[in-house]
Amino acid sequence: MGGIRGELGATWVILTKEIRVEWRSREVWFTGVFFSLLLAVLFLFGLATDAQGSRGVGPGVLWIGVVFLASIAFGRSFVREHETRCLDALRLVPSVCGPLFWGKCLGNGLVLFSMELVLVWLVAAIFPLPGWSLWPALLWVLLLGTLGLCSLGTVISAALARFRLREVLLPLVLYPLIIPLLIGGVKATGALVEGEMSAYWDWANLVVAFDAVFLVLSRWLFGKVIEAVE
Amino acid sequence: MGSRAEGERAAVGGEGGRASSRAFLLLVGGAGLALVVAVVVIFHCTPQDAELGFVQKIFYFHLPSALYGYLGFTICCVASIGYLVRPRVIWDVVAQSGAFCGVLFCGMVLLSGPLWARKSWEPWWTGEPRLVLTLVLFLLFVSYLLVRSFGGRGELTRQIGAVLAVFGFADIPLVHLAVKRWGGHHPRVIHQGGISGEMWLALGVSMVALGLLFVVLFWLRLRVGLLEEEVEDLHRDIADRSGLVEDRQ
């Protein structure tokens with residue numbers, strides 16, 4: 001494998017592998033979508049007591065749902081690799097670290113975003129979210145949030161994959177780290193609900209900045225994590 | 001016995017160990033004395049705040065605790081970067097000790113802060129940037145300590161712990177940026193010029209007392225960490241030798 005072309009090719013192979021594995025088993029997607037439905041119903045009974053009571057909670061419910069879905073998606077990501085010993089085989093490929101990170105990150109991102117598309121529709125059915133005309137903006141900020149979440153989630157799930165208590169530790173480690181993304185996402189969605197486009201762009205741009213920092217940091221630390229789990 | 005374990009044992013045992021134990025006892029005595037002096041100065045030598053009343057005395061513990069909490073987290077992050085660059089057990093033990101002291105002092109801030117807030121501005125808690133930042137810091141490093149406690153021992157946990165500490169520390173400016181846009185209020189005691197000479201003295205004494213307490217706790221945690229590593233090495237040594245004996249048989 002040599003140069004940028006080789007890296008891109010390897011990333012593509014890992015990304016398509018991720019999608020193929022998920023497409024064949026659908027274990028994360030189906031459980032995630034059903035979980036979204038349950039979450040929407042629970043929030044319906046828990047929060048939407050009347051039309052006045054549910055005002056303003058839509059963005060919060062949506063983003064909390066996204067965070068929960070993310071822990072479902074990332075929980076399986078590297079555990080599956082260890083169970084099938086795929087990581088041992090991948091490590092035989094020279095300089096696989098970069099392609100592995102980007103392939104995993106994008107694969108997780110695609111699966112998570114596809115689940116979010118169902119979640120956002122369910123939440124919009126129950127709580128006030130922006131009107132249809134603003135959905136491209138809503139999906140844009142969801143996509144940005146998902147990118148940041150995936151970069152962090154990929155590293156953390158790789159780091160904890162060999163730990164006995166990984167299912168418990170993953171949310172404990174991930175949730176405090178994603179607080180800036182969560183604040184940005186909730187505020188941007190809230191601004192959309194209120195129709196304040198300038199505030200929306202302010203927050204969306206902040207999420208872009210967070211994504212950039214998280215991607216660079218995650219890419220660097222992913223190498224250290226892969227070194228450790230060898 | 002490997003040279004690493006011997007080196008570590010030299011730090012906690014033998015002649016040098018005895019001298020360091022004596023220094024440690026002196027330090028504990030000094031910290032205890034300084035804490036008593038601080039309490040006397042705070043409650044007997046400082047005037048009562050005109051606006052905030054008696055509850056303002058929390059300030060003398062609150063501010064130093066916050067500063068030493070941040071110091072603990074900084075030590076943890078620097079030592080973790082040290083470990084990632086050059087993996088030595090001592091870096092890892094220093095990082096864990098820093099996180100432990102940071103969480104302890106940050107916990108003191110999160111306990112004393114709401115008490116003061118309740119008396120000063122009614123609510124126990126607000127979304128003010130510094131409050132949220134301190135809470136998130138606390139959560140980040142508690143999760144680090146949880147991973148260290150339940151992740152078992154060995155190279156894997158050490159390296160993953162270092163990665164998490166760097167992640168957590170790098171997250172701080174981002175959290176700060178996000179919560180700053182929220183706005184809020186926090187008492188600006190020093191900027192109001194509301195601090196008299198006696199108050200500065202009490203703050204200074206309190207800084208020294210809590211600083212000594214920090215050093216004592218840090219040292220103690222460091223010694224415990226090094227002893228744990230030594231025990232781990234001995235276990236490994238015994239396992240290796242019993243393996244050799246079995247092979248011969």
# chains A, B, ... in the order shown; residues from 1 in each chain; ligands from 1
$ interface_residues --of "chain B" --to "chain A" --cutoff "12 Å" --atoms "only C-alpha atoms" --output "ChimeraX atom specification"
/B:80-81,83-87,127,129,132-182
$ residues_around --residues "Gly6 in chain A" --least-positions-apart "3" --cutoff "12 Å" --atoms "only C-alpha atoms" --output "VMD selection string"
chain A and resid 1 to 3 9 to 13 93 to 96 98 to 99
$ residues_around --residues "Val141 in chain A" --least-positions-apart "6" --cutoff "10 Å" --atoms "only C-alpha atoms" --output "PDB file with N, CA and C atoms, in the first residue's frame"
ATOM      1  N   TRP A 135     -35.829  21.465   7.195  1.00  0.00           N
ATOM      2  CA  TRP A 135     -35.222  20.145   7.454  1.00  0.00           C
ATOM      3  C   TRP A 135     -33.825  19.992   6.875  1.00  0.00           C
ATOM      4  N   LEU A 147     -20.668  13.390  12.780  1.00  0.00           N
ATOM      5  CA  LEU A 147     -19.252  13.275  12.405  1.00  0.00           C
ATOM      6  C   LEU A 147     -18.352  13.379  13.647  1.00  0.00           C
ATOM      7  N   GLY A 184     -23.745  22.362  21.315  1.00  0.00           N
ATOM      8  CA  GLY A 184     -23.830  22.985  19.985  1.00  0.00           C
ATOM      9  C   GLY A 184     -25.030  22.486  19.211  1.00  0.00           C
ATOM     10  N   GLY A 185     -25.240  21.169  19.206  1.00  0.00           N
ATOM     11  CA  GLY A 185     -26.344  20.578  18.460  1.00  0.00           C
ATOM     12  C   GLY A 185     -27.701  21.027  18.989  1.00  0.00           C
ATOM     13  N   VAL A 186     -27.859  20.975  20.307  1.00  0.00           N
ATOM     14  CA  VAL A 186     -29.146  21.353  20.910  1.00  0.00           C
ATOM     15  C   VAL A 186     -29.434  22.826  20.643  1.00  0.00           C
ATOM     16  N   ALA A 188     -28.246  24.749  18.184  1.00  0.00           N
ATOM     17  CA  ALA A 188     -28.509  24.994  16.755  1.00  0.00           C
ATOM     18  C   ALA A 188     -29.924  24.550  16.415  1.00  0.00           C
ATOM     19  N   THR A 189     -30.342  23.382  16.906  1.00  0.00           N
ATOM     20  CA  THR A 189     -31.697  22.893  16.623  1.00  0.00           C
ATOM     21  C   THR A 189     -32.736  23.807  17.279  1.00  0.00           C
ATOM     22  N   TYR A 200     -28.543  29.993  14.453  1.00  0.00           N
ATOM     23  CA  TYR A 200     -28.339  28.615  13.964  1.00  0.00           C
ATOM     24  C   TYR A 200     -26.957  28.482  13.326  1.00  0.00           C
ATOM     25  N   TRP A 201     -26.607  29.444  12.445  1.00  0.00           N
ATOM     26  CA  TRP A 201     -25.314  29.342  11.755  1.00  0.00           C
ATOM     27  C   TRP A 201     -24.150  29.493  12.722  1.00  0.00           C
ATOM     28  N   TRP A 203     -24.049  28.512  15.860  1.00  0.00           N
ATOM     29  CA  TRP A 203     -23.868  27.242  16.573  1.00  0.00           C
ATOM     30  C   TRP A 203     -23.385  26.146  15.636  1.00  0.00           C
ATOM     31  N   ALA A 204     -23.935  26.141  14.394  1.00  0.00           N
ATOM     32  CA  ALA A 204     -23.519  25.105  13.433  1.00  0.00           C
ATOM     33  C   ALA A 204     -22.026  25.247  13.119  1.00  0.00           C
ATOM     34  N   ASN A 205     -21.565  26.490  12.980  1.00  0.00           N
ATOM     35  CA  ASN A 205     -20.135  26.699  12.706  1.00  0.00           C
ATOM     36  C   ASN A 205     -19.271  26.252  13.886  1.00  0.00           C
ATOM     37  N   VAL A 207     -20.024  23.816  15.854  1.00  0.00           N
ATOM     38  CA  VAL A 207     -19.983  22.347  15.778  1.00  0.00           C
ATOM     39  C   VAL A 207     -18.944  21.903  14.735  1.00  0.00           C
ATOM     40  N   VAL A 208     -18.837  22.665  13.628  1.00  0.00           N
ATOM     41  CA  VAL A 208     -17.815  22.355  12.605  1.00  0.00           C
ATOM     42  C   VAL A 208     -16.422  22.453  13.233  1.00  0.00           C
TER      43      VAL A 208
END
$ closest_residue --among "A:Phe101, A:Trp29, A:Trp140, A:Phe127" --to "Ala73 in chain A" --atoms "only C-alpha atoms"
A:Trp29
$ atom_distance --atom1 "CA of Val78 in chain B" --atom2 "CA of Val216 in chain A"
19.0 Å
$ atom_distance --atom1 "CA of Leu226 in chain B" --atom2 "CA of Ala19 in chain B"
16.8 Å
$ residues_around --residues "Gly107 in chain B" --least-positions-apart "2" --cutoff "12 Å" --atoms "only C-alpha atoms" --output "list in words"
His62, Ser65, Ala66, Tyr68, Gly69, Tyr70, Ala99, Phe100, Cys101, Gly102, Val103, Leu104, Phe105, Val109, Leu110, Leu111, Ser112, Gly113, Pro114, Thr134, Leu135, Val136, Leu137, Phe138, Leu139, Phe141 and Val142 of chain B
$ residues_around --residues "range 121-125 of chain A" --least-positions-apart "3" --cutoff "8 Å" --atoms "only C-alpha atoms" --output "PyMOL selection string"
chain A and resi 36-37+40+58+61-62+117-118+128-129
$ write_last_selection --atoms "C-alpha atoms" --output "tab-separated table (two decimals), in the first residue's frame"
chain	number	residue	atom	x	y	z
A	36	SER	CA	-35.56	5.08	18.86
A	37	LEU	CA	-39.21	4.10	18.82
A	40	ALA	CA	-39.90	8.45	21.53
A	58	GLY	CA	-37.89	18.78	21.00
A	61	VAL	CA	-35.10	14.93	23.14
A	62	LEU	CA	-33.66	14.60	19.62
A	117	LEU	CA	-33.18	9.75	10.03
A	118	VAL	CA	-35.79	7.49	11.63
A	128	PRO	CA	-42.22	20.58	18.03
A	129	LEU	CA	-39.26	20.49	15.62
$ atom_distance --atom1 "CA of Met197 in chain A" --atom2 "CA of Val66 in chain A"
22.4 Å
